[in-house]
Amino acid sequence: MASDFIAPDGHPRCLWCGGAAEFLPYHDQEWGFPVADDQRLFEKICLESFQSGLSWRTILNKRENFRAAFHHFDFNQVSGFDEEDVQRLLQDAGIIRHRGKIEATINNARCAQEMVVQEGSLAAFFWRYEPDSASLPAPQTQTTSPESIALAKDLKKRGWKFFGPTTAFAFMQAMGLINDHSLNCVTRERVEQARQQFQRPT
């Protein structure tokens, strides 16, 4: 069970956001707030995939470099990347230079285009996996869920790569499909209000 971090303003936050100075603004302004924008959803999928085996701090510190390298994760542009682009990215010290993850991002951009054709939007697809909040265990006590396992399996079937159940769960936490802020965290209530006002995509 997660305890709390007392931030410089004297209010409690989720324990993890005390790990580095850059975590606090990310935690307070982004993590857990519901997202329906396809480009932001695709960015998060890609960054979570790049994070595999690394710390989120590493990715967060390189996020602007990733955005520059991948056209702000516009999947319609990334889908057109070729071997020349792969070689360019492998030389880019500002990102994670991992061929498999770079190629997976390009592959997933093409899968994202297909999903938009089939489902109308990425948001419409992903928000189908929002669990019933009444059925959730205590915040931050799990790293996968039945929904994240099902989501990862569905994406794999659709050809997506580097996106397993743990990555899917981290994605769901960050994009607001669940409110996993600790019970005492001052941001939890703000996220809950945002989720109540959020128009679920269909």
# chains A, B, ... in the order shown; residues from 1 in each chain; ligands from 1
$ residues_around --residues "range 82-99 of chain A" --least-positions-apart "4" --cutoff "9 Å" --atoms "only C-alpha atoms" --output "JSON, numbers by chain"
{"A": [50, 51, 59, 62, 63, 64, 65, 66, 69, 70, 103, 104, 106]}
$ write_last_selection --atoms "all heavy atoms" --output "short mmCIF file (atom, residue, chain, number, x, y, z; two decimals), in the first residue's frame"
data_model
loop_
_atom_site.label_atom_id
_atom_site.label_comp_id
_atom_site.auth_asym_id
_atom_site.auth_seq_id
_atom_site.Cartn_x
_atom_site.Cartn_y
_atom_site.Cartn_z
N PHE A 50 8.89 2.83 -24.87
CA PHE A 50 10.31 3.17 -24.75
C PHE A 50 10.79 3.01 -23.30
O PHE A 50 11.96 2.72 -23.06
CB PHE A 50 10.57 4.60 -25.22
CG PHE A 50 10.84 4.72 -26.70
CD1 PHE A 50 9.86 5.16 -27.57
CD2 PHE A 50 12.08 4.36 -27.21
CE1 PHE A 50 10.11 5.26 -28.95
CE2 PHE A 50 12.34 4.46 -28.58
CZ PHE A 50 11.36 4.90 -29.45
N GLN A 51 9.89 3.20 -22.34
CA GLN A 51 10.27 3.10 -20.94
C GLN A 51 10.59 1.66 -20.53
O GLN A 51 11.32 1.45 -19.56
CB GLN A 51 9.18 3.64 -20.03
CG GLN A 51 9.63 3.73 -18.57
CD GLN A 51 8.49 3.82 -17.59
OE1 GLN A 51 7.37 4.16 -17.95
NE2 GLN A 51 8.76 3.51 -16.33
N ILE A 59 12.59 8.83 -19.33
CA ILE A 59 11.70 9.16 -20.45
C ILE A 59 11.17 10.59 -20.31
O ILE A 59 11.14 11.36 -21.29
CB ILE A 59 10.53 8.16 -20.53
CG1 ILE A 59 11.06 6.72 -20.67
CG2 ILE A 59 9.60 8.51 -21.69
CD1 ILE A 59 11.93 6.47 -21.87
N LYS A 62 13.52 13.18 -21.38
CA LYS A 62 13.78 13.17 -22.82
C LYS A 62 12.52 13.41 -23.64
O LYS A 62 12.55 13.36 -24.88
CB LYS A 62 14.39 11.81 -23.23
CG LYS A 62 15.81 11.57 -22.70
CD LYS A 62 16.29 10.17 -23.08
CE LYS A 62 17.72 9.91 -22.62
NZ LYS A 62 18.71 10.59 -23.47
N ARG A 63 11.41 13.70 -22.97
CA ARG A 63 10.13 13.74 -23.69
C ARG A 63 10.11 14.77 -24.81
O ARG A 63 9.61 14.49 -25.90
CB ARG A 63 8.98 13.99 -22.70
CG ARG A 63 7.62 13.97 -23.38
CD ARG A 63 6.48 13.79 -22.39
NE ARG A 63 6.36 14.89 -21.45
CZ ARG A 63 5.28 15.12 -20.70
NH1 ARG A 63 4.25 14.28 -20.78
NH2 ARG A 63 5.25 16.12 -19.85
N GLU A 64 10.66 15.96 -24.56
CA GLU A 64 10.66 16.98 -25.63
C GLU A 64 11.52 16.53 -26.81
O GLU A 64 11.21 16.84 -27.97
CB GLU A 64 11.12 18.32 -25.09
CG GLU A 64 10.11 18.98 -24.15
CD GLU A 64 8.72 19.13 -24.77
OE1 GLU A 64 8.62 19.45 -25.97
OE2 GLU A 64 7.73 18.90 -24.05
N ASN A 65 12.60 15.82 -26.53
CA ASN A 65 13.44 15.28 -27.62
C ASN A 65 12.67 14.25 -28.42
O ASN A 65 12.75 14.22 -29.66
CB ASN A 65 14.71 14.65 -27.05
CG ASN A 65 15.59 15.64 -26.30
OD1 ASN A 65 15.58 16.83 -26.59
ND2 ASN A 65 16.33 15.15 -25.33
N PHE A 66 11.92 13.39 -27.72
CA PHE A 66 11.08 12.40 -28.41
C PHE A 66 10.05 13.09 -29.29
O PHE A 66 9.82 12.69 -30.44
CB PHE A 66 10.36 11.50 -27.39
CG PHE A 66 11.15 10.32 -26.92
CD1 PHE A 66 11.66 10.26 -25.63
CD2 PHE A 66 11.37 9.23 -27.76
CE1 PHE A 66 12.38 9.16 -25.18
CE2 PHE A 66 12.07 8.13 -27.33
CZ PHE A 66 12.58 8.08 -26.03
N ALA A 69 11.69 14.37 -32.38
CA ALA A 69 12.14 13.29 -33.26
C ALA A 69 11.00 12.60 -33.98
O ALA A 69 11.15 12.11 -35.10
CB ALA A 69 12.96 12.27 -32.46
N PHE A 70 9.81 12.55 -33.32
CA PHE A 70 8.67 11.81 -33.87
C PHE A 70 7.49 12.73 -34.23
O PHE A 70 6.33 12.31 -34.15
CB PHE A 70 8.20 10.74 -32.87
CG PHE A 70 9.14 9.56 -32.74
CD1 PHE A 70 10.07 9.49 -31.72
CD2 PHE A 70 9.08 8.52 -33.66
CE1 PHE A 70 10.94 8.41 -31.60
CE2 PHE A 70 9.94 7.42 -33.56
CZ PHE A 70 10.88 7.37 -32.52
N GLU A 103 11.40 0.83 -34.24
CA GLU A 103 10.63 0.14 -35.28
C GLU A 103 9.22 -0.17 -34.79
O GLU A 103 8.26 -0.10 -35.57
CB GLU A 103 11.36 -1.13 -35.71
CG GLU A 103 12.64 -0.83 -36.51
CD GLU A 103 13.41 -2.07 -36.91
OE1 GLU A 103 13.17 -3.15 -36.31
OE2 GLU A 103 14.27 -1.96 -37.82
N ALA A 104 9.08 -0.47 -33.49
CA ALA A 104 7.74 -0.72 -32.94
C ALA A 104 6.89 0.54 -33.00
O ALA A 104 5.69 0.48 -33.29
CB ALA A 104 7.85 -1.22 -31.50
N ILE A 106 7.04 2.96 -35.21
CA ILE A 106 6.62 3.14 -36.61
C ILE A 106 5.51 2.13 -36.95
O ILE A 106 4.49 2.48 -37.55
CB ILE A 106 7.82 2.98 -37.57
CG1 ILE A 106 8.87 4.06 -37.26
CG2 ILE A 106 7.37 3.07 -39.03
CD1 ILE A 106 10.22 3.81 -37.92
#
$ residues_around --residues "range 13-16 of chain A" --least-positions-apart "5" --cutoff "9 Å" --atoms "only C-alpha atoms" --output "VMD selection string"
chain A and resid 2 to 7 23 to 24 27 to 28 181 to 188
$ select_by_dssp --residues "chain A" --states "strand (DSSP E or B)" --output "PDB file with all heavy atoms, in the first residue's frame"
ATOM      1  N   ASP A   4       2.340   8.371   1.610  1.00  0.00           N
ATOM      2  CA  ASP A   4       2.296   9.651   0.918  1.00  0.00           C
ATOM      3  C   ASP A   4       3.617  10.411   1.005  1.00  0.00           C
ATOM      4  O   ASP A   4       4.439  10.181   1.881  1.00  0.00           O
ATOM      5  CB  ASP A   4       1.179  10.523   1.504  1.00  0.00           C
ATOM      6  CG  ASP A   4      -0.185   9.877   1.332  1.00  0.00           C
ATOM      7  OD1 ASP A   4      -0.543   9.568   0.187  1.00  0.00           O
ATOM      8  OD2 ASP A   4      -0.870   9.654   2.340  1.00  0.00           O
ATOM      9  N   PHE A   5       3.767  11.335   0.062  1.00  0.00           N
ATOM     10  CA  PHE A   5       4.893  12.272   0.027  1.00  0.00           C
ATOM     11  C   PHE A   5       4.337  13.648   0.355  1.00  0.00           C
ATOM     12  O   PHE A   5       3.331  14.063  -0.235  1.00  0.00           O
ATOM     13  CB  PHE A   5       5.505  12.239  -1.384  1.00  0.00           C
ATOM     14  CG  PHE A   5       6.326  13.441  -1.747  1.00  0.00           C
ATOM     15  CD1 PHE A   5       7.562  13.657  -1.155  1.00  0.00           C
ATOM     16  CD2 PHE A   5       5.871  14.356  -2.695  1.00  0.00           C
ATOM     17  CE1 PHE A   5       8.329  14.768  -1.491  1.00  0.00           C
ATOM     18  CE2 PHE A   5       6.627  15.464  -3.035  1.00  0.00           C
ATOM     19  CZ  PHE A   5       7.861  15.668  -2.432  1.00  0.00           C
ATOM     20  N   ILE A   6       4.934  14.335   1.318  1.00  0.00           N
ATOM     21  CA  ILE A   6       4.488  15.703   1.633  1.00  0.00           C
ATOM     22  C   ILE A   6       5.277  16.655   0.745  1.00  0.00           C
ATOM     23  O   ILE A   6       6.495  16.793   0.876  1.00  0.00           O
ATOM     24  CB  ILE A   6       4.686  16.039   3.117  1.00  0.00           C
ATOM     25  CG1 ILE A   6       3.973  15.001   4.011  1.00  0.00           C
ATOM     26  CG2 ILE A   6       4.168  17.448   3.408  1.00  0.00           C
ATOM     27  CD1 ILE A   6       2.482  14.870   3.762  1.00  0.00           C
ATOM     28  N   PRO A  12      -0.142  16.420   0.989  1.00  0.00           N
ATOM     29  CA  PRO A  12       0.300  15.080   0.601  1.00  0.00           C
ATOM     30  C   PRO A  12       0.043  14.774  -0.866  1.00  0.00           C
ATOM     31  O   PRO A  12      -0.938  15.241  -1.453  1.00  0.00           O
ATOM     32  CB  PRO A  12      -0.543  14.160   1.501  1.00  0.00           C
ATOM     33  CG  PRO A  12      -1.777  14.947   1.800  1.00  0.00           C
ATOM     34  CD  PRO A  12      -1.356  16.391   1.829  1.00  0.00           C
ATOM     35  N   ARG A  13       0.964  14.054  -1.457  1.00  0.00           N
ATOM     36  CA  ARG A  13       0.834  13.564  -2.824  1.00  0.00           C
ATOM     37  C   ARG A  13       1.152  12.063  -2.822  1.00  0.00           C
ATOM     38  O   ARG A  13       1.634  11.519  -1.829  1.00  0.00           O
ATOM     39  CB  ARG A  13       1.831  14.249  -3.770  1.00  0.00           C
ATOM     40  CG  ARG A  13       1.807  15.749  -3.805  1.00  0.00           C
ATOM     41  CD  ARG A  13       0.515  16.308  -4.381  1.00  0.00           C
ATOM     42  NE  ARG A  13       0.683  17.649  -4.927  1.00  0.00           N
ATOM     43  CZ  ARG A  13       0.807  18.750  -4.194  1.00  0.00           C
ATOM     44  NH1 ARG A  13       0.828  18.695  -2.885  1.00  0.00           N
ATOM     45  NH2 ARG A  13       0.930  19.933  -4.779  1.00  0.00           N
ATOM     46  N   CYS A  14       0.963  11.416  -3.955  1.00  0.00           N
ATOM     47  CA  CYS A  14       1.370  10.025  -4.127  1.00  0.00           C
ATOM     48  C   CYS A  14       2.868   9.904  -3.832  1.00  0.00           C
ATOM     49  O   CYS A  14       3.654  10.761  -4.243  1.00  0.00           O
ATOM     50  CB  CYS A  14       1.101   9.557  -5.553  1.00  0.00           C
ATOM     51  SG  CYS A  14      -0.644   9.571  -6.003  1.00  0.00           S
TER      52      CYS A  14
END
$ residues_around --residues "Ala36 in chain A" --least-positions-apart "4" --cutoff "10 Å" --atoms "only C-alpha atoms" --output "list in words"
Arg40, Leu41, Ser121, Leu122, Ala123, Ala124, Phe126, Trp127, Met175, Gly176, Phe198, Gln199, Arg200 and Pro201 of chain A
$ write_last_selection --atoms "N, CA, C and O atoms" --output "PDB file, in the first residue's frame"
ATOM      1  N   ARG A  40      -2.199  12.493 -28.128  1.00  0.00           N
ATOM      2  CA  ARG A  40      -1.662  12.333 -26.772  1.00  0.00           C
ATOM      3  C   ARG A  40      -1.706  10.872 -26.335  1.00  0.00           C
ATOM      4  O   ARG A  40      -0.796  10.389 -25.665  1.00  0.00           O
ATOM      5  N   LEU A  41      -2.761  10.174 -26.700  1.00  0.00           N
ATOM      6  CA  LEU A  41      -2.852   8.755 -26.362  1.00  0.00           C
ATOM      7  C   LEU A  41      -1.752   7.966 -27.064  1.00  0.00           C
ATOM      8  O   LEU A  41      -1.094   7.119 -26.454  1.00  0.00           O
ATOM      9  N   SER A 121     -11.745   6.338 -33.738  1.00  0.00           N
ATOM     10  CA  SER A 121     -10.658   7.061 -33.069  1.00  0.00           C
ATOM     11  C   SER A 121      -9.937   6.097 -32.133  1.00  0.00           C
ATOM     12  O   SER A 121     -10.488   5.053 -31.754  1.00  0.00           O
ATOM     13  N   LEU A 122      -8.721   6.456 -31.757  1.00  0.00           N
ATOM     14  CA  LEU A 122      -8.013   5.665 -30.740  1.00  0.00           C
ATOM     15  C   LEU A 122      -8.749   5.785 -29.408  1.00  0.00           C
ATOM     16  O   LEU A 122      -8.884   4.812 -28.668  1.00  0.00           O
ATOM     17  N   ALA A 123      -9.224   6.999 -29.114  1.00  0.00           N
ATOM     18  CA  ALA A 123      -9.898   7.234 -27.829  1.00  0.00           C
ATOM     19  C   ALA A 123     -11.119   6.345 -27.667  1.00  0.00           C
ATOM     20  O   ALA A 123     -11.340   5.762 -26.590  1.00  0.00           O
ATOM     21  N   ALA A 124     -11.916   6.205 -28.725  1.00  0.00           N
ATOM     22  CA  ALA A 124     -13.117   5.367 -28.641  1.00  0.00           C
ATOM     23  C   ALA A 124     -12.749   3.931 -28.299  1.00  0.00           C
ATOM     24  O   ALA A 124     -13.431   3.263 -27.516  1.00  0.00           O
ATOM     25  N   PHE A 126      -9.758   2.840 -26.758  1.00  0.00           N
ATOM     26  CA  PHE A 126      -9.127   2.670 -25.443  1.00  0.00           C
ATOM     27  C   PHE A 126     -10.100   2.860 -24.293  1.00  0.00           C
ATOM     28  O   PHE A 126     -10.018   2.140 -23.289  1.00  0.00           O
ATOM     29  N   TRP A 127     -11.028   3.791 -24.435  1.00  0.00           N
ATOM     30  CA  TRP A 127     -11.937   4.042 -23.315  1.00  0.00           C
ATOM     31  C   TRP A 127     -12.947   2.923 -23.110  1.00  0.00           C
ATOM     32  O   TRP A 127     -13.617   2.863 -22.079  1.00  0.00           O
ATOM     33  N   MET A 175      -3.456   7.998 -18.326  1.00  0.00           N
ATOM     34  CA  MET A 175      -4.425   8.636 -19.214  1.00  0.00           C
ATOM     35  C   MET A 175      -5.819   8.757 -18.597  1.00  0.00           C
ATOM     36  O   MET A 175      -6.759   9.155 -19.271  1.00  0.00           O
ATOM     37  N   GLY A 176      -5.929   8.414 -17.313  1.00  0.00           N
ATOM     38  CA  GLY A 176      -7.162   8.677 -16.585  1.00  0.00           C
ATOM     39  C   GLY A 176      -8.254   7.639 -16.724  1.00  0.00           C
ATOM     40  O   GLY A 176      -9.391   7.888 -16.297  1.00  0.00           O
ATOM     41  N   PHE A 198     -15.746  14.455 -17.646  1.00  0.00           N
ATOM     42  CA  PHE A 198     -15.172  13.993 -18.917  1.00  0.00           C
ATOM     43  C   PHE A 198     -16.217  13.324 -19.798  1.00  0.00           C
ATOM     44  O   PHE A 198     -17.004  12.484 -19.336  1.00  0.00           O
ATOM     45  N   GLN A 199     -16.236  13.712 -21.058  1.00  0.00           N
ATOM     46  CA  GLN A 199     -17.156  13.119 -22.035  1.00  0.00           C
ATOM     47  C   GLN A 199     -16.485  11.875 -22.612  1.00  0.00           C
ATOM     48  O   GLN A 199     -15.507  11.990 -23.370  1.00  0.00           O
ATOM     49  N   ARG A 200     -16.971  10.696 -22.262  1.00  0.00           N
ATOM     50  CA  ARG A 200     -16.366   9.464 -22.795  1.00  0.00           C
ATOM     51  C   ARG A 200     -16.547   9.399 -24.304  1.00  0.00           C
ATOM     52  O   ARG A 200     -17.664   9.585 -24.804  1.00  0.00           O
ATOM     53  N   PRO A 201     -15.466   9.147 -25.037  1.00  0.00           N
ATOM     54  CA  PRO A 201     -15.588   9.060 -26.503  1.00  0.00           C
ATOM     55  C   PRO A 201     -16.342   7.794 -26.917  1.00  0.00           C
ATOM     56  O   PRO A 201     -16.252   6.763 -26.264  1.00  0.00           O
TER      57      PRO A 201
END
$ closest_residue --among "A:Cys17, A:Met115, A:Ser49, A:Glu43" --to "Gly164 in chain A" --atoms "only C-alpha atoms"
A:Ser49
$ select_by_dssp --residues "chain A" --states "helix (DSSP H, G or I)" --output "PyMOL selection string"
chain A and resi 15-18+23-29+38-51+56-61+63-69+71-73+75-78+83-90+99-119+122-129+133-135+146-157+165-174+186-197
$ residues_around --residues "range 111-114 of chain A" --least-positions-apart "4" --cutoff "7 Å" --atoms "only C-alpha atoms" --output "PyMOL selection string"
chain A and resi 75-76+107+118+122+159-160
$ closest_residue --among "A:Gly10, A:Pro165, A:Pro34, A:Pro25" --to "Gln142 in chain A" --atoms "only C-alpha atoms"
A:Pro165
$ closest_residue --among "A:Ser52, A:Gln140, A:Gln196, A:Thr167" --to "Asp180 in chain A" --atoms "only C-alpha atoms"
A:Gln140
$ atom_distance --atom1 "CA of Met172 in chain A" --atom2 "CA of Tyr129 in chain A"
8.6 Å
$ atom_distance --atom1 "CA of Phe169 in chain A" --atom2 "CA of Ser135 in chain A"
15.3 Å
$ atom_distance --atom1 "CA of Pro131 in chain A" --atom2 "CA of Lys157 in chain A"
20.7 Å
$ closest_residue --among "A:Thr166, A:Ser148, A:Gln29, A:Thr105" --to "Gly53 in chain A" --atoms "only C-alpha atoms"
A:Thr166
$ closest_residue --among "A:Gln39, A:Ser55, A:Glu48, A:His11" --to "Ala168 in chain A" --atoms "only C-alpha atoms"
A:Glu48
